[in-house]
Amino acid sequence: MAPEAGVAATKRKLVFVTGIGRGLRGALAVELAKRGHNVAGCSKTEEHVNFLSSLLSSIDPDLFHSLFFLSWPFWIDLNS
């Protein structure tokens, strides 16, 4: 399925969504991909990431999708 008309490649946004695995945020990721935007995100469960990744790829394989699994708790060192 191709993205909806009206979103030129130059107008595409890269959208990062946390908790992307399911629910409203998963639905948001799918809708953004359908509208032609590139989607990146993370989830606590690897199964949800794998499912959503395959779903987004089926919408438009040419779009960039970067989904990853984060084990909790996790730390980010902002000083390095």
# chains A, B, ... in the order shown; residues from 1 in each chain; ligands from 1
>>> select_by_dssp(residues="region 3-45 of chain A", states="strand (DSSP E or B)", output="NGL selection string")
:A and (14-18 or 38-43)
>>> residues_around(residues="Val17 (chain A)", least_positions_apart="5", cutoff="10 Å", atoms="only C-alpha atoms", output="PyMOL selection string")
chain A and resi 25-26+28-29+39-43+67
>>> closest_residue(among="A:Gly19, A:Glu46, A:Lys11, A:Gly36", to="Leu63 (chain A)", atoms="only C-alpha atoms")
A:Gly36
>>> select_by_dssp(residues="region 8-59 of chain A", states="alpha helix (DSSP H)", output="PDB file with N, CA and C atoms, in the first residue's frame")
ATOM      1  N   GLY A  23      -1.203  -0.424  21.310  1.00  0.00           N
ATOM      2  CA  GLY A  23      -2.098   0.625  21.792  1.00  0.00           C
ATOM      3  C   GLY A  23      -2.107   1.849  20.895  1.00  0.00           C
ATOM      4  N   LEU A  24      -2.383   2.988  21.512  1.00  0.00           N
ATOM      5  CA  LEU A  24      -2.494   4.239  20.755  1.00  0.00           C
ATOM      6  C   LEU A  24      -1.201   4.619  20.051  1.00  0.00           C
ATOM      7  N   ARG A  25      -0.071   4.388  20.698  1.00  0.00           N
ATOM      8  CA  ARG A  25       1.203   4.763  20.076  1.00  0.00           C
ATOM      9  C   ARG A  25       1.539   3.856  18.899  1.00  0.00           C
ATOM     10  N   GLY A  26       1.171   2.598  18.987  1.00  0.00           N
ATOM     11  CA  GLY A  26       1.341   1.694  17.848  1.00  0.00           C
ATOM     12  C   GLY A  26       0.458   2.114  16.690  1.00  0.00           C
ATOM     13  N   ALA A  27      -0.806   2.481  17.008  1.00  0.00           N
ATOM     14  CA  ALA A  27      -1.731   2.963  15.980  1.00  0.00           C
ATOM     15  C   ALA A  27      -1.235   4.269  15.372  1.00  0.00           C
ATOM     16  N   LEU A  28      -0.646   5.132  16.201  1.00  0.00           N
ATOM     17  CA  LEU A  28      -0.086   6.389  15.696  1.00  0.00           C
ATOM     18  C   LEU A  28       1.048   6.110  14.711  1.00  0.00           C
ATOM     19  N   ALA A  29       1.921   5.168  15.043  1.00  0.00           N
ATOM     20  CA  ALA A  29       3.028   4.818  14.147  1.00  0.00           C
ATOM     21  C   ALA A  29       2.513   4.312  12.807  1.00  0.00           C
ATOM     22  N   VAL A  30       1.490   3.475  12.841  1.00  0.00           N
ATOM     23  CA  VAL A  30       0.905   2.948  11.605  1.00  0.00           C
ATOM     24  C   VAL A  30       0.292   4.077  10.785  1.00  0.00           C
ATOM     25  N   GLU A  31      -0.445   4.959  11.416  1.00  0.00           N
ATOM     26  CA  GLU A  31      -1.083   6.073  10.689  1.00  0.00           C
ATOM     27  C   GLU A  31      -0.039   7.011  10.087  1.00  0.00           C
ATOM     28  N   LEU A  32       1.018   7.308  10.836  1.00  0.00           N
ATOM     29  CA  LEU A  32       2.081   8.165  10.301  1.00  0.00           C
ATOM     30  C   LEU A  32       2.758   7.522   9.094  1.00  0.00           C
ATOM     31  N   ALA A  33       2.984   6.218   9.161  1.00  0.00           N
ATOM     32  CA  ALA A  33       3.582   5.505   8.020  1.00  0.00           C
ATOM     33  C   ALA A  33       2.637   5.536   6.823  1.00  0.00           C
ATOM     34  N   LYS A  34       1.343   5.366   7.061  1.00  0.00           N
ATOM     35  CA  LYS A  34       0.365   5.416   5.966  1.00  0.00           C
ATOM     36  C   LYS A  34       0.349   6.790   5.310  1.00  0.00           C
ATOM     37  N   GLU A  46      10.212  -7.339  22.733  1.00  0.00           N
ATOM     38  CA  GLU A  46      10.750  -7.637  21.414  1.00  0.00           C
ATOM     39  C   GLU A  46       9.659  -8.119  20.457  1.00  0.00           C
ATOM     40  N   GLU A  47       8.678  -8.864  20.971  1.00  0.00           N
ATOM     41  CA  GLU A  47       7.595  -9.373  20.125  1.00  0.00           C
ATOM     42  C   GLU A  47       6.793  -8.235  19.504  1.00  0.00           C
ATOM     43  N   HIS A  48       6.512  -7.200  20.291  1.00  0.00           N
ATOM     44  CA  HIS A  48       5.756  -6.062  19.761  1.00  0.00           C
ATOM     45  C   HIS A  48       6.551  -5.326  18.692  1.00  0.00           C
ATOM     46  N   VAL A  49       7.854  -5.190  18.920  1.00  0.00           N
ATOM     47  CA  VAL A  49       8.719  -4.523  17.944  1.00  0.00           C
ATOM     48  C   VAL A  49       8.728  -5.302  16.634  1.00  0.00           C
ATOM     49  N   ASN A  50       8.876  -6.622  16.720  1.00  0.00           N
ATOM     50  CA  ASN A  50       8.912  -7.445  15.503  1.00  0.00           C
ATOM     51  C   ASN A  50       7.601  -7.368  14.734  1.00  0.00           C
ATOM     52  N   PHE A  51       6.479  -7.428  15.455  1.00  0.00           N
ATOM     53  CA  PHE A  51       5.171  -7.357  14.804  1.00  0.00           C
ATOM     54  C   PHE A  51       4.974  -6.008  14.112  1.00  0.00           C
ATOM     55  N   LEU A  52       5.238  -4.930  14.840  1.00  0.00           N
ATOM     56  CA  LEU A  52       5.022  -3.602  14.266  1.00  0.00           C
ATOM     57  C   LEU A  52       5.989  -3.324  13.124  1.00  0.00           C
ATOM     58  N   SER A  53       7.209  -3.814  13.230  1.00  0.00           N
ATOM     59  CA  SER A  53       8.182  -3.624  12.159  1.00  0.00           C
ATOM     60  C   SER A  53       7.708  -4.277  10.865  1.00  0.00           C
ATOM     61  N   SER A  54       7.184  -5.499  10.960  1.00  0.00           N
ATOM     62  CA  SER A  54       6.689  -6.163   9.752  1.00  0.00           C
ATOM     63  C   SER A  54       5.442  -5.467   9.215  1.00  0.00           C
ATOM     64  N   LEU A  55       4.599  -4.959  10.104  1.00  0.00           N
ATOM     65  CA  LEU A  55       3.408  -4.234   9.678  1.00  0.00           C
ATOM     66  C   LEU A  55       3.787  -2.949   8.949  1.00  0.00           C
ATOM     67  N   LEU A  56       4.729  -2.189   9.491  1.00  0.00           N
ATOM     68  CA  LEU A  56       5.154  -0.941   8.846  1.00  0.00           C
ATOM     69  C   LEU A  56       5.818  -1.216   7.503  1.00  0.00           C
ATOM     70  N   SER A  57       6.584  -2.281   7.415  1.00  0.00           N
ATOM     71  CA  SER A  57       7.231  -2.622   6.145  1.00  0.00           C
ATOM     72  C   SER A  57       6.214  -2.986   5.076  1.00  0.00           C
ATOM     73  N   SER A  58       5.097  -3.573   5.487  1.00  0.00           N
ATOM     74  CA  SER A  58       4.064  -3.937   4.517  1.00  0.00           C
ATOM     75  C   SER A  58       3.303  -2.717   4.010  1.00  0.00           C
ATOM     76  N   ILE A  59       3.303  -1.627   4.782  1.00  0.00           N
ATOM     77  CA  ILE A  59       2.623  -0.401   4.351  1.00  0.00           C
ATOM     78  C   ILE A  59       3.383   0.222   3.192  1.00  0.00           C
TER      79      ILE A  59
END
